[in-house]
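The file query28.cif contains mmCIF, C-alpha atoms:
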data_final
loop_
_atom_site.label_atom_id
_atom_site.label_comp_id
_atom_site.auth_asym_id
_atom_site.auth_seq_id
_atom_site.Cartn_x
_atom_site.Cartn_y
_atom_site.Cartn_z
CA MET A 18 145.31 -24.07 -42.95
CA VAL A 19 147.75 -21.40 -41.77
CA GLU A 20 146.49 -18.77 -39.41
CA THR A 21 147.88 -15.30 -39.64
CA VAL A 22 148.55 -13.43 -36.47
CA LYS A 23 148.85 -9.70 -36.46
CA MET A 24 151.92 -8.81 -34.45
CA LYS A 25 151.94 -5.71 -32.36
CA HIS A 26 155.17 -3.78 -32.47
CA SER A 27 156.68 -2.55 -29.25
CA TYR A 28 158.55 0.72 -29.24
CA PHE A 29 161.01 1.82 -26.63
CA GLU A 30 162.82 5.03 -25.81
CA ILE A 31 165.52 6.10 -23.39
CA ASP A 32 164.49 8.87 -21.03
CA LYS A 33 166.73 11.62 -19.73
CA TYR A 34 167.79 9.43 -16.78
CA GLY A 35 169.00 6.64 -19.08
CA ASP A 36 166.10 4.30 -18.31
CA LEU A 37 164.34 2.31 -21.01
CA LYS A 38 160.61 3.10 -21.32
CA LYS A 39 157.96 1.53 -23.51
CA THR A 40 156.14 3.99 -25.75
CA SER A 41 153.03 3.68 -27.89
CA GLN A 42 154.40 5.15 -31.09
CA ALA A 43 157.58 5.00 -33.07
CA ILE A 44 159.80 8.03 -32.80
CA LYS A 45 161.87 8.87 -35.80
CA VAL A 46 165.39 9.44 -34.56
CA LYS A 47 168.35 10.77 -36.38
CA HIS A 48 171.66 9.13 -35.64
CA SER A 49 172.39 9.37 -31.95
CA TYR A 50 175.68 8.43 -30.38
CA PHE A 51 176.07 7.47 -26.77
CA GLU A 52 179.08 6.94 -24.57
CA ILE A 53 179.68 5.88 -21.01
CA ASP A 54 181.52 8.48 -18.97
CA LYS A 55 183.99 7.82 -16.16
CA GLY A 56 181.20 7.64 -13.59
CA GLY A 57 179.46 4.84 -15.51
CA GLU A 58 176.61 7.05 -16.72
CA LEU A 59 175.24 6.87 -20.27
CA LYS A 60 175.28 10.20 -22.05
CA GLU A 61 174.53 11.31 -25.58
CA THR A 62 177.37 12.68 -27.66
CA SER A 63 177.43 14.38 -31.02
CA GLN A 64 180.49 12.66 -32.43
CA ASP A 65 180.83 9.36 -34.23
CA LEU A 66 183.38 7.25 -32.37
CA LYS A 67 185.23 4.89 -34.70
CA LYS A 68 186.02 1.45 -33.36
CA ASN A 69 189.16 0.90 -35.41
CA PRO A 70 190.90 4.16 -36.21
CA GLU A 71 193.14 3.85 -39.22
CA THR A 72 196.81 4.25 -38.56
CA LYS A 73 198.76 6.43 -40.89
CA LYS A 74 201.35 4.38 -42.72
CA ASN A 75 204.62 5.82 -43.86
CA PHE A 76 208.09 4.62 -44.78
CA PHE A 77 209.30 4.29 -41.19
CA THR A 78 206.44 2.05 -40.05
CA ASP A 79 206.91 -0.20 -43.08
CA SER A 80 210.70 -0.34 -42.74
CA VAL A 81 210.39 -2.63 -39.72
CA TYR A 82 208.74 -5.26 -41.90
CA MET A 83 211.15 -4.75 -44.80
CA ASN A 84 214.09 -5.74 -42.56
CA ILE A 85 212.69 -9.10 -41.43
CA GLY A 86 214.93 -10.98 -43.86
CA TYR A 87 218.04 -9.24 -42.59
CA ASN A 88 217.06 -9.89 -38.99
CA LEU A 89 216.67 -13.61 -39.72
CA VAL A 90 219.73 -14.22 -41.93
CA THR A 91 222.38 -12.01 -40.30
CA PRO A 92 222.73 -13.93 -36.98
CA ILE A 93 223.04 -17.25 -38.83
CA LEU A 94 225.70 -15.88 -41.19
CA LEU A 95 227.62 -14.40 -38.28
CA GLY A 96 227.43 -17.78 -36.55
CA VAL A 97 228.86 -19.50 -39.64
CA ILE A 98 231.71 -16.96 -39.97
CA ILE A 99 232.64 -17.07 -36.29
CA GLY A 100 232.35 -20.88 -36.21
CA LEU A 101 234.58 -21.35 -39.28
CA ALA A 102 237.17 -18.93 -37.91
CA LEU A 103 237.34 -20.73 -34.56
CA ASP A 104 237.39 -24.17 -36.22
CA SER A 105 240.32 -23.17 -38.44
CA ARG A 106 242.21 -21.73 -35.50
CA PHE A 107 241.69 -24.69 -33.11
CA HIS A 108 241.56 -27.42 -35.83
CA SER A 109 238.24 -28.81 -34.64
CA LYS A 110 236.40 -28.79 -37.93
CA PRO A 111 232.61 -28.99 -37.30
CA VAL A 112 232.30 -28.32 -33.56
CA PHE A 113 232.36 -24.52 -33.36
CA THR A 114 230.54 -24.08 -36.69
CA VAL A 115 227.59 -26.24 -35.63
CA PHE A 116 227.49 -24.59 -32.20
CA PHE A 117 227.46 -21.02 -33.58
CA ILE A 118 224.93 -21.91 -36.31
CA PHE A 119 222.64 -23.15 -33.52
CA ILE A 120 223.23 -19.93 -31.54
CA GLY A 121 222.49 -17.92 -34.72
CA MET A 122 219.22 -19.79 -35.28
CA VAL A 123 218.11 -19.17 -31.71
CA SER A 124 218.99 -15.51 -32.13
CA SER A 125 217.03 -15.33 -35.41
CA PHE A 126 213.93 -16.77 -33.80
CA TYR A 127 214.28 -14.34 -30.91
CA ASN A 128 214.52 -11.43 -33.38
CA LEU A 129 211.42 -12.68 -35.20
CA PHE A 130 209.51 -13.03 -31.93
CA ARG A 131 210.55 -9.50 -30.93
CA LEU A 132 209.39 -8.07 -34.29
CA ILE A 133 206.02 -9.80 -34.16
CA LYS A 134 205.38 -8.72 -30.58
#
Take the structure I supplied and represent it as C-alpha cells, if you would.
Amino acid sequence: MVETVKMKHSYFEIDKYGDLKKTSQAIKVKHSYFEIDKGGELKETSQDLKKNPETKKNFFTDSVYMNIGYNLVTPILLGVIIGLALDSRFHSKPVFTVFFIFIGMVSSFYNLFRLIK
C-alpha cells in the first residue's frame, strides 16, 4: 500500500536588504530583474538584460569569411611562382619550388589561424 504525504510548500522572499526570508504565503510577482552593482550589492532593475545580444551583420562583417579561400590559396600560388622562377634561373629544378610551396603552406595556415582568432 502506498501512503500519500501532503507536502507543505515553502515560500521565500527577498527583503529590502537582499536577505532571503521565509514567508507563509505565496506572493504573486511580476517579472523582476536583478543585477549586482560595482559594490557587490544586489539591486532590482527595470530592464531585461539579454545574455547574448545579437550582433548586426552586414556586408563588411561577412566579407572576412568570404575571403578565406583567397587567404589560403594565394600564398601557395605565390610560392609556386617564385619557386619555379628561381629554379629556372639557377637550374635546380625541384629545390626552390618545394621550399617555397612549404613556406606558402605555413603562411596559409597562419592566415587561417589569424582569421579564426
Counting only C-alpha atoms, which residue out of A:Asp104, A:Asp79, A:Val115, A:Ser124 sits closest to Thr91 (chain A)? A:Ser124
Evaluate the PyMOL selection byres ((chain A and resi 126) around 12) and record the selected residues as a ChimeraX atom specification, following the chain and residue labels used in the document. /A:85-86,88-93,119-125,127-133
Residue neighbourhood Thr114 (chain A), 12 Å, only C-alpha atoms, exclusion window fewer than 5 positions, as a list in words: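 Returned residues: Ile93, Leu94, Leu95, Gly96, Val97, Ile98, Ile99, Gly100, Leu101, Ala102, Leu103, Asp104, Ser105, Arg106, Phe107, His108, Ser109, Phe119, Ile120 and Gly121 of chain A.
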If you measure from CA of Thr40 (chain A) to CA of Ser27 (chain A), what distance in Å do you get, rounded to one decimal?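 Result for CA of Thr40 (chain A) versus CA of Ser27 (chain A): 7.4 Å, one decimal.
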CA of Asn75 (chain A) to CA of Tyr87 (chain A), distance in Å rounded to a single decimal: 20.2 Å
Go ahead and compute the interatomic distance for CA of Lys55 (chain A) and CA of Tyr28 (chain A), in Å to one decimal.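 These two atoms are separated by 29.5 Å.
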Picked residues, the PyMOL selection byres ((chain A and resi 35) around 9), as a ChimeraX atom specification: /A:31-34,36-37,58-60
Using C-alpha atoms, can you write the selected residues to a file as an mmCIF file, in the coordinates of the input?
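Printed below is again-v7.cif as written:
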data_model
loop_
_atom_site.group_PDB
_atom_site.id
_atom_site.type_symbol
_atom_site.label_atom_id
_atom_site.label_comp_id
_atom_site.auth_asym_id
_atom_site.auth_seq_id
_atom_site.Cartn_x
_atom_site.Cartn_y
_atom_site.Cartn_z
ATOM 1 C CA ILE A 31 165.520 6.100 -23.390
ATOM 2 C CA ASP A 32 164.490 8.870 -21.030
ATOM 3 C CA LYS A 33 166.730 11.620 -19.730
ATOM 4 C CA TYR A 34 167.790 9.430 -16.780
ATOM 5 C CA ASP A 36 166.100 4.300 -18.310
ATOM 6 C CA LEU A 37 164.340 2.310 -21.010
ATOM 7 C CA GLU A 58 176.610 7.050 -16.720
ATOM 8 C CA LEU A 59 175.240 6.870 -20.270
ATOM 9 C CA LYS A 60 175.280 10.200 -22.050
#
Could you name the residues that touch Glu61 (chain A) at 9 Å or less, counting all atoms listed in the file, but leaving out those on the same chain fewer than 3 positions away, as a list in words? Ser49, Tyr50, Phe51, Glu52 and Ile53 of chain A
Start from the incomplete input, build N, CA and C atoms for region 89-111 of chain A, and deliver everything as a short mmCIF file (atom, residue, chain, number, x, y, z; two decimals), in the coordinates of the input.
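Everything below was put into selection-v2.cif:
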data_model
loop_
_atom_site.label_atom_id
_atom_site.label_comp_id
_atom_site.auth_asym_id
_atom_site.auth_seq_id
_atom_site.Cartn_x
_atom_site.Cartn_y
_atom_site.Cartn_z
N LEU A 89 216.65 -12.16 -39.82
CA LEU A 89 216.67 -13.61 -39.72
C LEU A 89 217.99 -14.20 -40.23
N VAL A 90 218.55 -13.63 -41.28
CA VAL A 90 219.73 -14.22 -41.93
C VAL A 90 221.04 -13.79 -41.27
N THR A 91 221.13 -12.55 -40.83
CA THR A 91 222.38 -12.01 -40.30
C THR A 91 222.93 -12.81 -39.11
N PRO A 92 222.15 -13.16 -38.09
CA PRO A 92 222.73 -13.93 -36.98
C PRO A 92 223.25 -15.31 -37.40
N ILE A 93 222.58 -15.94 -38.37
CA ILE A 93 223.04 -17.25 -38.83
C ILE A 93 224.35 -17.11 -39.58
N LEU A 94 224.44 -16.09 -40.45
CA LEU A 94 225.70 -15.88 -41.19
C LEU A 94 226.85 -15.52 -40.25
N LEU A 95 226.58 -14.71 -39.26
CA LEU A 95 227.62 -14.40 -38.28
C LEU A 95 228.05 -15.65 -37.52
N GLY A 96 227.10 -16.53 -37.21
CA GLY A 96 227.43 -17.78 -36.55
C GLY A 96 228.32 -18.67 -37.42
N VAL A 97 228.04 -18.71 -38.72
CA VAL A 97 228.86 -19.50 -39.64
C VAL A 97 230.28 -18.93 -39.70
N ILE A 98 230.39 -17.60 -39.85
CA ILE A 98 231.71 -16.96 -39.97
C ILE A 98 232.52 -17.15 -38.70
N ILE A 99 231.92 -16.91 -37.55
CA ILE A 99 232.64 -17.07 -36.29
C ILE A 99 233.01 -18.54 -36.07
N GLY A 100 232.08 -19.45 -36.38
CA GLY A 100 232.35 -20.88 -36.21
C GLY A 100 233.48 -21.37 -37.10
N LEU A 101 233.50 -20.94 -38.37
CA LEU A 101 234.58 -21.35 -39.28
C LEU A 101 235.93 -20.78 -38.85
N ALA A 102 235.92 -19.53 -38.37
CA ALA A 102 237.17 -18.93 -37.91
C ALA A 102 237.73 -19.67 -36.69
N LEU A 103 236.88 -20.01 -35.75
CA LEU A 103 237.34 -20.73 -34.56
C LEU A 103 237.75 -22.17 -34.89
N ASP A 104 237.01 -22.80 -35.82
CA ASP A 104 237.39 -24.17 -36.22
C ASP A 104 238.74 -24.19 -36.94
N SER A 105 239.02 -23.18 -37.76
CA SER A 105 240.32 -23.17 -38.44
C SER A 105 241.45 -22.85 -37.47
N ARG A 106 241.17 -22.08 -36.46
CA ARG A 106 242.21 -21.73 -35.50
C ARG A 106 242.53 -22.90 -34.56
N PHE A 107 241.48 -23.61 -34.08
CA PHE A 107 241.69 -24.69 -33.11
C PHE A 107 241.68 -26.08 -33.77
N HIS A 108 241.56 -26.17 -35.07
CA HIS A 108 241.56 -27.42 -35.83
C HIS A 108 240.52 -28.42 -35.31
N SER A 109 239.36 -27.95 -35.06
CA SER A 109 238.24 -28.81 -34.64
C SER A 109 237.10 -28.56 -35.61
N LYS A 110 237.18 -29.19 -36.77
CA LYS A 110 236.40 -28.79 -37.93
C LYS A 110 234.91 -28.50 -37.67
N PRO A 111 234.02 -29.40 -37.31
CA PRO A 111 232.61 -28.99 -37.30
C PRO A 111 232.07 -28.50 -35.96
#
